[in-house]
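Enquirer: My file is run39.cif. It has mmCIF, C-alpha atoms:
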data_run
loop_
_atom_site.group_PDB
_atom_site.id
_atom_site.type_symbol
_atom_site.label_atom_id
_atom_site.label_comp_id
_atom_site.auth_asym_id
_atom_site.auth_seq_id
_atom_site.Cartn_x
_atom_site.Cartn_y
_atom_site.Cartn_z
ATOM 1 C CA MET A 22 80.699 99.647 137.588
ATOM 2 C CA THR A 23 82.884 96.595 137.905
ATOM 3 C CA ASN A 24 83.484 93.645 135.621
ATOM 4 C CA GLU A 25 85.381 90.400 136.108
ATOM 5 C CA TYR A 26 88.722 92.031 135.350
ATOM 6 C CA VAL A 27 88.235 94.867 137.795
ATOM 7 C CA GLU A 28 87.048 92.348 140.354
ATOM 8 C CA ALA A 29 90.138 90.210 139.801
ATOM 9 C CA ALA A 30 92.353 93.265 140.284
ATOM 10 C CA ILE A 31 90.493 94.183 143.498
ATOM 11 C CA ALA A 32 90.798 90.583 144.745
ATOM 12 C CA GLU A 33 94.559 90.778 144.156
ATOM 13 C CA ALA A 34 94.749 94.055 146.062
ATOM 14 C CA ILE A 35 92.782 92.674 149.004
ATOM 15 C CA ALA A 36 94.866 89.480 149.105
ATOM 16 C CA GLY A 37 97.980 91.640 149.292
ATOM 17 C CA VAL A 38 96.579 93.767 152.114
ATOM 18 C CA GLU A 39 95.461 90.735 154.110
ATOM 19 C CA ARG A 40 98.906 89.156 153.812
ATOM 20 C CA GLY A 41 100.734 92.406 154.537
ATOM 21 C CA HIS A 42 102.664 92.241 151.266
ATOM 22 C CA GLY A 43 102.749 95.962 150.529
ATOM 23 C CA GLY A 44 100.535 98.777 149.278
ATOM 24 C CA PRO A 45 96.803 98.177 148.598
ATOM 25 C CA PHE A 46 97.029 97.821 144.840
ATOM 26 C CA GLY A 47 96.175 95.017 142.396
ATOM 27 C CA ALA A 48 96.330 94.599 138.635
ATOM 28 C CA VAL A 49 95.624 92.119 135.853
ATOM 29 C CA VAL A 50 96.587 91.957 132.179
ATOM 30 C CA VAL A 51 93.910 90.805 129.751
ATOM 31 C CA ARG A 52 94.377 89.458 126.229
ATOM 32 C CA ASP A 53 91.358 88.525 124.100
ATOM 33 C CA GLY A 54 89.164 88.499 127.208
ATOM 34 C CA VAL A 55 91.459 86.181 129.171
ATOM 35 C CA ILE A 56 93.529 87.187 132.204
ATOM 36 C CA ILE A 57 97.138 86.283 131.370
ATOM 37 C CA GLY A 58 98.911 88.036 134.226
ATOM 38 C CA ARG A 59 98.022 89.276 137.677
ATOM 39 C CA GLY A 60 99.778 90.761 140.654
ATOM 40 C CA HIS A 61 99.576 92.847 143.766
ATOM 41 C CA ASN A 62 102.025 95.209 145.370
ATOM 42 C CA GLN A 63 104.905 93.320 147.039
ATOM 43 C CA VAL A 64 107.175 96.234 147.953
ATOM 44 C CA VAL A 65 107.300 95.349 151.643
ATOM 45 C CA THR A 66 107.740 91.571 151.599
ATOM 46 C CA TRP A 67 110.081 91.515 148.616
ATOM 47 C CA LEU A 68 111.959 94.622 149.801
ATOM 48 C CA ASP A 69 111.647 95.800 146.214
ATOM 49 C CA PRO A 70 110.446 99.356 145.564
ATOM 50 C CA THR A 71 109.691 98.388 141.945
ATOM 51 C CA ALA A 72 107.357 95.509 142.869
ATOM 52 C CA HIS A 73 104.165 97.381 142.057
ATOM 53 C CA ALA A 74 101.049 95.455 141.041
ATOM 54 C CA GLU A 75 101.177 96.585 137.410
ATOM 55 C CA VAL A 76 104.859 95.726 136.991
ATOM 56 C CA LEU A 77 104.281 92.230 138.376
ATOM 57 C CA ALA A 78 101.167 91.630 136.257
ATOM 58 C CA ILE A 79 103.043 92.761 133.131
ATOM 59 C CA ARG A 80 106.014 90.542 133.960
ATOM 60 C CA LEU A 81 103.796 87.496 134.442
ATOM 61 C CA ALA A 82 101.839 88.188 131.254
ATOM 62 C CA CYS A 83 105.121 88.379 129.326
ATOM 63 C CA ARG A 84 106.245 85.085 130.819
ATOM 64 C CA GLU A 85 102.863 83.559 129.902
ATOM 65 C CA THR A 86 103.055 84.729 126.307
ATOM 66 C CA GLY A 87 106.804 84.264 125.861
ATOM 67 C CA ARG A 88 107.120 87.817 124.573
ATOM 68 C CA PHE A 89 108.306 91.158 125.958
ATOM 69 C CA ASP A 90 105.636 92.870 123.851
ATOM 70 C CA LEU A 91 102.010 92.804 125.024
ATOM 71 C CA HIS A 92 100.634 94.673 122.020
ATOM 72 C CA GLY A 93 96.835 94.624 122.057
ATOM 73 C CA CYS A 94 96.590 93.654 125.722
ATOM 74 C CA GLU A 95 94.723 95.740 128.286
ATOM 75 C CA LEU A 96 95.766 96.481 131.850
ATOM 76 C CA TYR A 97 93.223 96.694 134.658
ATOM 77 C CA THR A 98 94.489 98.253 137.856
ATOM 78 C CA THR A 99 92.780 99.328 141.067
ATOM 79 C CA CYS A 100 94.568 102.680 140.974
ATOM 80 C CA GLU A 101 95.824 105.001 138.271
ATOM 81 C CA PRO A 102 99.356 103.777 137.578
ATOM 82 C CA CYS A 103 102.262 105.770 138.958
ATOM 83 C CA PRO A 104 104.699 107.033 136.300
ATOM 84 C CA MET A 105 106.884 103.951 136.789
ATOM 85 C CA CYS A 106 103.964 101.676 135.981
ATOM 86 C CA TYR A 107 102.633 103.893 133.193
ATOM 87 C CA ALA A 108 106.030 103.789 131.506
ATOM 88 C CA ALA A 109 106.270 100.033 132.134
ATOM 89 C CA ALA A 110 102.933 99.655 130.319
ATOM 90 C CA TRP A 111 104.300 101.789 127.503
ATOM 91 C CA TRP A 112 107.415 99.638 127.121
ATOM 92 C CA ALA A 113 105.133 96.566 127.145
ATOM 93 C CA ARG A 114 103.012 98.147 124.366
ATOM 94 C CA ILE A 115 99.819 97.917 126.422
ATOM 95 C CA SER A 116 97.037 99.616 124.426
ATOM 96 C CA THR A 117 94.537 100.517 127.157
ATOM 97 C CA ILE A 118 94.722 101.016 130.914
ATOM 98 C CA HIS A 119 91.535 100.763 132.989
ATOM 99 C CA TYR A 120 91.939 102.208 136.467
ATOM 100 C CA GLY A 121 89.758 102.733 139.529
ATOM 101 C CA CYS A 122 91.209 105.114 142.130
ATOM 102 C CA THR A 123 93.134 108.180 141.034
ATOM 103 C CA ARG A 124 96.558 109.582 141.802
ATOM 104 C CA GLY A 125 94.705 111.992 144.104
ATOM 105 C CA ASP A 126 93.210 109.099 146.036
ATOM 106 C CA ALA A 127 96.663 107.529 146.328
ATOM 107 C CA GLU A 128 97.948 110.822 147.701
ATOM 108 C CA GLN A 129 95.197 110.847 150.325
ATOM 109 C CA PHE A 130 96.443 107.458 151.497
ATOM 110 C CA GLY A 131 100.038 108.656 151.711
ATOM 111 C CA PHE A 132 101.511 107.473 148.397
ATOM 112 C CA ASP A 133 103.736 109.635 146.190
ATOM 113 C CA ASP A 134 102.108 109.093 142.787
ATOM 114 C CA SER A 135 100.876 112.687 142.411
ATOM 115 C CA ALA A 136 104.211 114.120 143.476
ATOM 116 C CA ILE A 137 106.109 112.008 140.947
ATOM 117 C CA TYR A 138 103.732 113.114 138.184
ATOM 118 C CA ALA A 139 104.195 116.760 139.196
ATOM 119 C CA ASP A 140 107.974 116.299 139.066
ATOM 120 C CA LEU A 141 107.869 114.676 135.620
ATOM 121 C CA GLU A 142 105.435 117.293 134.333
ATOM 122 C CA GLY A 143 107.907 120.003 135.390
ATOM 123 C CA ARG A 144 105.409 121.665 137.720
ATOM 124 C CA VAL A 145 107.733 121.475 140.719
ATOM 125 C CA PRO A 146 111.527 121.436 141.149
ATOM 126 C CA LYS A 147 113.026 118.029 140.431
ATOM 127 C CA GLN A 148 113.146 115.892 143.544
ATOM 128 C CA ILE A 149 116.200 113.897 142.447
ATOM 129 C CA ARG A 150 119.443 115.712 141.686
ATOM 130 C CA MET A 151 120.417 114.959 138.086
ATOM 131 C CA VAL A 152 124.095 115.156 137.129
ATOM 132 C CA ALA A 153 125.149 114.712 133.507
ATOM 133 C CA SER A 154 128.702 113.534 132.780
ATOM 134 C CA ALA A 155 130.795 111.141 130.696
ATOM 135 C CA ARG A 156 128.384 111.198 127.749
ATOM 136 C CA GLU A 157 131.025 110.294 125.196
ATOM 137 C CA ALA A 158 132.265 107.249 127.135
ATOM 138 C CA CYS A 159 128.669 106.131 127.708
ATOM 139 C CA LEU A 160 127.884 106.291 123.985
ATOM 140 C CA GLU A 161 130.331 103.449 123.380
ATOM 141 C CA PRO A 162 128.000 100.585 124.432
ATOM 142 C CA MET A 163 125.259 102.179 122.276
ATOM 143 C CA ARG A 164 127.559 102.087 119.239
ATOM 144 C CA LEU A 165 128.672 98.526 119.959
ATOM 145 C CA TRP A 166 125.016 97.510 120.145
ATOM 146 C CA ARG A 167 124.146 99.206 116.853
ATOM 147 C CA GLU A 168 126.932 97.335 115.099
ATOM 148 C CA ARG A 169 125.621 93.919 116.144
ATOM 149 C CA PRO A 170 123.593 92.244 113.407
ATOM 150 C CA ASP A 171 121.754 90.158 116.058
ATOM 151 C CA ARG A 172 120.551 93.145 118.120
ATOM 152 C CA VAL A 173 116.876 93.064 119.114
ATOM 153 C CA PRO A 174 115.173 96.501 119.089
ATOM 154 C CA TYR A 175 112.274 97.038 121.505
ATOM 155 C CA MET B 20 135.149 112.483 132.690
ATOM 156 C CA THR B 21 134.646 109.016 134.068
ATOM 157 C CA ASN B 22 135.191 107.595 137.525
ATOM 158 C CA GLU B 23 135.055 104.057 138.868
ATOM 159 C CA TYR B 24 131.250 104.108 139.166
ATOM 160 C CA VAL B 25 130.691 105.341 135.628
ATOM 161 C CA GLU B 26 133.201 102.783 134.421
ATOM 162 C CA ALA B 27 131.386 100.010 136.289
ATOM 163 C CA ALA B 28 128.101 101.080 134.690
ATOM 164 C CA ILE B 29 129.716 101.121 131.241
ATOM 165 C CA ALA B 30 131.251 97.678 131.872
ATOM 166 C CA GLU B 31 127.768 96.385 132.752
ATOM 167 C CA ALA B 32 126.340 97.864 129.563
ATOM 168 C CA ILE B 33 129.072 96.348 127.397
ATOM 169 C CA ALA B 34 128.706 92.938 129.061
ATOM 170 C CA GLY B 35 124.995 93.048 128.255
ATOM 171 C CA VAL B 36 125.605 93.979 124.629
ATOM 172 C CA GLU B 37 128.223 91.276 124.166
ATOM 173 C CA ARG B 38 125.864 88.629 125.576
ATOM 174 C CA GLY B 39 122.849 89.903 123.648
ATOM 175 C CA HIS B 40 120.838 90.448 126.825
ATOM 176 C CA GLY B 41 118.974 93.561 125.733
ATOM 177 C CA GLY B 42 119.483 97.284 125.235
ATOM 178 C CA PRO B 43 122.950 98.843 125.670
ATOM 179 C CA PHE B 44 122.461 100.238 129.152
ATOM 180 C CA GLY B 45 124.196 99.659 132.490
ATOM 181 C CA ALA B 46 123.788 101.039 136.001
ATOM 182 C CA VAL B 47 125.196 100.798 139.503
ATOM 183 C CA VAL B 48 123.964 101.957 142.912
ATOM 184 C CA VAL B 49 126.562 103.447 145.262
ATOM 185 C CA ARG B 50 126.345 103.867 149.018
ATOM 186 C CA ASP B 51 129.159 105.556 150.958
ATOM 187 C CA GLY B 52 131.471 105.067 147.991
ATOM 188 C CA VAL B 53 130.760 101.340 147.629
ATOM 189 C CA ILE B 54 128.854 99.729 144.759
ATOM 190 C CA ILE B 55 125.984 97.797 146.353
ATOM 191 C CA GLY B 56 123.961 96.972 143.236
ATOM 192 C CA ARG B 57 124.632 96.696 139.526
ATOM 193 C CA GLY B 58 122.746 95.620 136.455
ATOM 194 C CA HIS B 59 122.376 95.834 132.712
ATOM 195 C CA ASN B 60 119.330 95.730 130.517
ATOM 196 C CA GLN B 61 117.861 92.205 130.292
ATOM 197 C CA VAL B 62 114.640 92.942 128.394
ATOM 198 C CA VAL B 63 115.381 90.496 125.599
ATOM 199 C CA THR B 64 116.706 87.445 127.455
ATOM 200 C CA TRP B 65 114.310 87.733 130.368
ATOM 201 C CA LEU B 66 111.371 88.660 128.114
ATOM 202 C CA ASP B 67 110.680 91.384 130.664
ATOM 203 C CA PRO B 68 110.018 94.925 129.424
ATOM 204 C CA THR B 69 110.696 96.235 132.948
ATOM 205 C CA ALA B 70 114.180 94.693 133.207
ATOM 206 C CA HIS B 71 116.034 97.944 132.654
ATOM 207 C CA ALA B 72 119.531 98.396 134.067
ATOM 208 C CA GLU B 73 118.477 100.899 136.725
ATOM 209 C CA VAL B 74 115.565 98.758 137.949
ATOM 210 C CA LEU B 75 117.834 95.733 138.301
ATOM 211 C CA ALA B 76 120.594 97.699 140.059
ATOM 212 C CA ILE B 77 118.044 99.160 142.493
ATOM 213 C CA ARG B 78 116.544 95.742 143.171
ATOM 214 C CA LEU B 79 119.944 94.222 143.907
ATOM 215 C CA ALA B 80 120.948 97.135 146.117
ATOM 216 C CA CYS B 81 117.749 96.683 148.121
ATOM 217 C CA ARG B 82 118.452 92.980 148.492
ATOM 218 C CA GLU B 83 122.006 93.797 149.602
ATOM 219 C CA THR B 84 120.850 96.276 152.229
ATOM 220 C CA GLY B 85 117.699 94.428 153.278
ATOM 221 C CA ARG B 86 115.661 97.583 152.771
ATOM 222 C CA PHE B 87 113.257 98.913 150.134
ATOM 223 C CA ASP B 88 114.552 102.412 150.843
ATOM 224 C CA LEU B 89 117.927 103.470 149.421
ATOM 225 C CA HIS B 90 117.904 106.911 150.995
ATOM 226 C CA GLY B 91 121.278 108.611 150.542
ATOM 227 C CA CYS B 92 122.395 106.265 147.761
ATOM 228 C CA GLU B 93 123.413 107.490 144.311
ATOM 229 C CA LEU B 94 122.592 105.899 140.981
ATOM 230 C CA TYR B 95 125.092 105.901 138.119
ATOM 231 C CA THR B 96 123.649 105.007 134.750
ATOM 232 C CA THR B 97 125.067 105.092 131.229
ATOM 233 C CA CYS B 98 121.940 106.851 129.939
ATOM 234 C CA GLU B 99 119.445 109.308 131.381
ATOM 235 C CA PRO B 100 116.798 107.098 132.984
ATOM 236 C CA CYS B 101 113.497 106.618 131.192
ATOM 237 C CA PRO B 102 110.456 107.708 133.231
ATOM 238 C CA MET B 103 110.002 104.136 134.518
ATOM 239 C CA CYS B 104 113.510 104.142 135.935
ATOM 240 C CA TYR B 105 113.332 107.740 137.153
ATOM 241 C CA ALA B 106 110.175 106.897 139.103
ATOM 242 C CA ALA B 107 111.760 103.648 140.346
ATOM 243 C CA ALA B 108 114.650 105.745 141.697
ATOM 244 C CA TRP B 109 112.102 108.053 143.320
ATOM 245 C CA TRP B 110 110.314 105.173 145.050
ATOM 246 C CA ALA B 111 113.723 103.901 146.178
ATOM 247 C CA ARG B 112 114.530 107.364 147.615
ATOM 248 C CA ILE B 113 117.709 107.682 145.550
ATOM 249 C CA SER B 114 119.116 111.172 146.152
ATOM 250 C CA THR B 115 121.263 111.722 143.042
ATOM 251 C CA ILE B 116 121.325 110.249 139.544
ATOM 252 C CA HIS B 117 124.504 110.535 137.465
ATOM 253 C CA TYR B 118 123.915 109.805 133.793
ATOM 254 C CA GLY B 119 125.966 109.763 130.598
ATOM 255 C CA CYS B 120 123.932 109.680 127.394
ATOM 256 C CA THR B 121 120.706 111.640 127.144
ATOM 257 C CA ARG B 122 117.135 110.761 126.225
ATOM 258 C CA GLY B 123 117.936 112.345 122.850
ATOM 259 C CA ASP B 124 120.832 109.947 122.333
ATOM 260 C CA ALA B 125 118.548 107.041 123.229
ATOM 261 C CA GLU B 126 116.057 108.303 120.645
ATOM 262 C CA GLN B 127 118.809 108.335 118.006
ATOM 263 C CA PHE B 128 119.391 104.669 118.719
ATOM 264 C CA GLY B 129 115.702 103.810 118.412
ATOM 265 C CA PHE B 130 114.552 103.817 122.039
ATOM 266 C CA ASP B 131 111.318 105.470 123.228
ATOM 267 C CA ASP B 132 112.582 107.390 126.260
ATOM 268 C CA SER B 133 111.983 110.843 124.752
ATOM 269 C CA ALA B 134 108.512 109.895 123.557
ATOM 270 C CA ILE B 135 107.496 108.624 126.988
ATOM 271 C CA TYR B 136 108.751 111.841 128.593
ATOM 272 C CA ALA B 137 106.797 113.914 126.052
ATOM 273 C CA ASP B 138 103.663 111.898 126.839
ATOM 274 C CA LEU B 139 104.070 112.345 130.598
ATOM 275 C CA GLU B 140 104.856 116.042 130.195
ATOM 276 C CA GLY B 141 101.581 116.443 128.297
ATOM 277 C CA ARG B 142 103.315 117.757 125.169
ATOM 278 C CA VAL B 143 101.718 115.136 122.909
ATOM 279 C CA PRO B 144 98.441 113.181 123.022
ATOM 280 C CA LYS B 145 98.581 110.269 125.440
ATOM 281 C CA GLN B 146 99.835 107.131 123.738
ATOM 282 C CA ILE B 147 97.932 104.740 126.025
ATOM 283 C CA ARG B 148 94.152 104.987 126.234
ATOM 284 C CA MET B 149 93.185 105.677 129.856
ATOM 285 C CA VAL B 150 89.744 104.577 131.054
ATOM 286 C CA ALA B 151 88.554 105.477 134.561
ATOM 287 C CA SER B 152 85.894 103.306 136.177
ATOM 288 C CA ALA B 153 84.896 101.525 139.385
ATOM 289 C CA ARG B 154 86.642 104.046 141.638
ATOM 290 C CA GLU B 155 84.407 103.362 144.625
ATOM 291 C CA ALA B 156 84.950 99.584 144.509
ATOM 292 C CA CYS B 157 88.692 100.112 144.104
ATOM 293 C CA LEU B 158 88.872 102.329 147.192
ATOM 294 C CA GLU B 159 87.919 99.353 149.335
ATOM 295 C CA PRO B 160 91.407 97.760 149.482
ATOM 296 C CA MET B 161 92.825 101.216 150.280
ATOM 297 C CA ARG B 162 90.483 101.540 153.245
ATOM 298 C CA LEU B 163 91.230 97.994 154.441
ATOM 299 C CA TRP B 164 94.924 98.813 154.296
ATOM 300 C CA ARG B 165 94.525 102.028 156.291
ATOM 301 C CA GLU B 166 92.715 100.159 159.038
ATOM 302 C CA ARG B 167 95.562 97.691 159.534
ATOM 303 C CA PRO B 168 97.788 98.634 162.467
ATOM 304 C CA ASP B 169 100.674 96.652 160.900
ATOM 305 C CA ARG B 170 100.615 98.493 157.570
ATOM 306 C CA VAL B 171 104.013 99.652 156.284
ATOM 307 C CA PRO B 172 103.938 103.023 154.463
ATOM 308 C CA TYR B 173 106.532 103.628 151.767
#
Starting from the file, give its structure as structure tokens.
Expert:
Amino acid sequence: MTNEYVEAAIAEAIAGVERGHGGPFGAVVVRDGVIIGRGHNQVVTWLDPTAHAEVLAIRLACRETGRFDLHGCELYTTCEPCPMCYAAAWWARISTIHYGCTRGDAEQFGFDDSAIYADLEGRVPKQIRMVASAREACLEPMRLWRERPDRVPY
Amino acid sequence: MTNEYVEAAIAEAIAGVERGHGGPFGAVVVRDGVIIGRGHNQVVTWLDPTAHAEVLAIRLACRETGRFDLHGCELYTTCEPCPMCYAAAWWARISTIHYGCTRGDAEQFGFDDSAIYADLEGRVPKQIRMVASAREACLEPMRLWRERPDRVPY
């Protein structure tokens, strides 16, 4: 069953496909029943692997509200968010995500969402080599930040 | 032990702290020994919860190379990437991530990285309510995309 928010997300996705902007995904952010941010995947035209629909919708909603915190807002997306977008929604304090297709559908169409989830869930060997070093030197900016009275936690 | 890339990432982090731009994190992307992208957290000044150091460094590196694929590049970051940034590195096809502080350090300084990992690993109840609906309608843009001969997989 669709509603106006799902339909707006689908319209974004289709607009992106028709213009060749990137993957077939769209998203909107809703606050108090009003769409305050929308976006579709722009990976290809922007040459930006982070330009997923959800990230762009969240960014626009933040600009619209003048806040980096979208507490109480809901995200509607045509496909289950990849871990990047799920974590972006977390940082934005999104309360609810409504999604249509699944990570399995995305996989069928050639996208890596399922594989990234499997990696993060520890079900497969890590795809990216992780090398830890220089922890002590890297703690210095953290300590400088903590000492600043004007720091803004998020 | 630090090297010039770690030092560049730390310098980014400190510059961000001193200017009050956001969290105390910096990152650089390296290709063939050359830094081709750098960034520090800008969440606060940009009012953008996705403006993490790694995301910005990846975006700049893509702009520099004119590609959305950074295959063979390495990411140096002052702190273990949060899941958003780890997945961003995945989408960018980064091969190796070098990090200083850990998710546990970030937690000590009040950041959610560990909590987001625990959520994605399924070790705690999901923090964001996930609602599945309208799958069939949302498959339509996927099918339109697949039919386009000019589609660009990523």
Enquirer: Need the shell around Thr66 of chain A: protein/DNA/RNA residues with any atom at most 12 Å away, counting all atoms listed in the file. Skip same-chain ones fewer than 5 positions apart. Format as a VMD selection string?
Expert: (chain A and resid 37 to 38 40 to 44 61 71 to 73) or (chain B and resid 81 to 82 85 to 87 170 to 171)
Enquirer: Between B:Leu139, B:Val47, B:Leu66, B:Val53, which is the closest to Ala108 of chain A once you count all atoms listed in the file?
Expert: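 Ranked by minimum distance to Ala108 of chain A, first place goes to B:Leu139.
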Enquirer: For the interface of chain A with chain B (cut-off 6 Å, counting all atoms listed in the file), please tabulate each contacting residue of chain A alongside its nearest pair of atoms and their separation in Å to one decimal, rows sorted by chain and increasing number, as a tab-separated table.
Expert:
residue	atom	partner	partner_atom	distance
A:Met22	CA	B:Ala153	CA	4.9
A:Thr23	CA	B:Ala153	CA	5.5
A:Ile35	CA	B:Pro160	CA	5.3
A:Val38	CA	B:Trp164	CA	5.7
A:Pro45	CA	B:Met161	CA	5.3
A:Leu68	CA	B:Phe87	CA	4.5
A:Asp69	CA	B:Phe87	CA	5.3
A:Pro70	CA	B:Phe87	CA	5.4
A:Thr71	CA	B:Ala107	CA	5.9
A:Arg80	CA	B:Asp67	CA	5.8
A:Arg88	CA	B:Leu66	CA	5.6
A:Phe89	CA	B:Leu66	CA	4.5
A:Thr99	CA	B:Cys157	CA	5.2
A:Met105	CA	B:Met103	CA	3.9
A:Ala108	CA	B:Met103	CA	5.0
A:Ala109	CA	B:Thr69	CA	5.9
A:Trp112	CA	B:Pro68	CA	5.9
A:Ala113	CA	B:Pro68	CA	5.6
A:Ser116	CA	B:Ile147	CA	5.4
A:Thr117	CA	B:Arg148	CA	4.6
A:Ile118	CA	B:Met149	CA	5.0
A:His119	CA	B:Val150	CA	4.6
A:Tyr120	CA	B:Ala151	CA	5.1
A:Gly121	CA	B:Arg154	CA	4.0
A:Cys122	CA	B:Arg154	CA	4.7
A:Glu142	CA	B:Glu140	CA	4.4
A:Ile149	CA	B:Ser114	CA	5.4
A:Arg150	CA	B:Thr115	CA	4.6
A:Met151	CA	B:Ile116	CA	5.0
A:Val152	CA	B:His117	CA	4.7
A:Ala153	CA	B:Tyr118	CA	5.1
A:Ser154	CA	B:Gly119	CA	5.1
A:Ala155	CA	B:Met20	CA	5.0
A:Arg156	CA	B:Gly119	CA	4.0
A:Cys159	CA	B:Thr97	CA	5.1
A:Pro162	CA	B:Ile33	CA	5.3
A:Met163	CA	B:Pro43	CA	5.3
A:Trp166	CA	B:Val36	CA	5.7
Enquirer: Could you work out how far atom CA of Glu85 of chain A lies from atom CA of Gly58 of chain A, giving the answer in Å with one decimal?
Expert: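 Distance between the two atoms: 7.4 Å.
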Enquirer: Between atom CA of Ala76 of chain B and atom CA of Ile55 of chain B, measure the distance and give it in Å to one decimal.
Expert: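 Distance reported for this atom pair: 8.3 Å.
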Enquirer: Go ahead and fit an axis-aligned box to every listed atom of segment 110-125 of chain B plus 6 Å each side, and pass me the centre and edge lengths in Å, one decimal, as AutoDock Vina command-line options.
Expert:
--center_x 118.1 --center_y 108.1 --center_z 135.0 --size_x 27.7 --size_y 20.4 --size_z 37.3
Enquirer: Between atom CA of Cys94 of chain A and atom CA of Arg124 of chain A, what distance in Å does the model show, to one decimal?
Expert: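 Atom-to-atom, atom CA of Cys94 of chain A and atom CA of Arg124 of chain A are spaced 22.6 Å apart.
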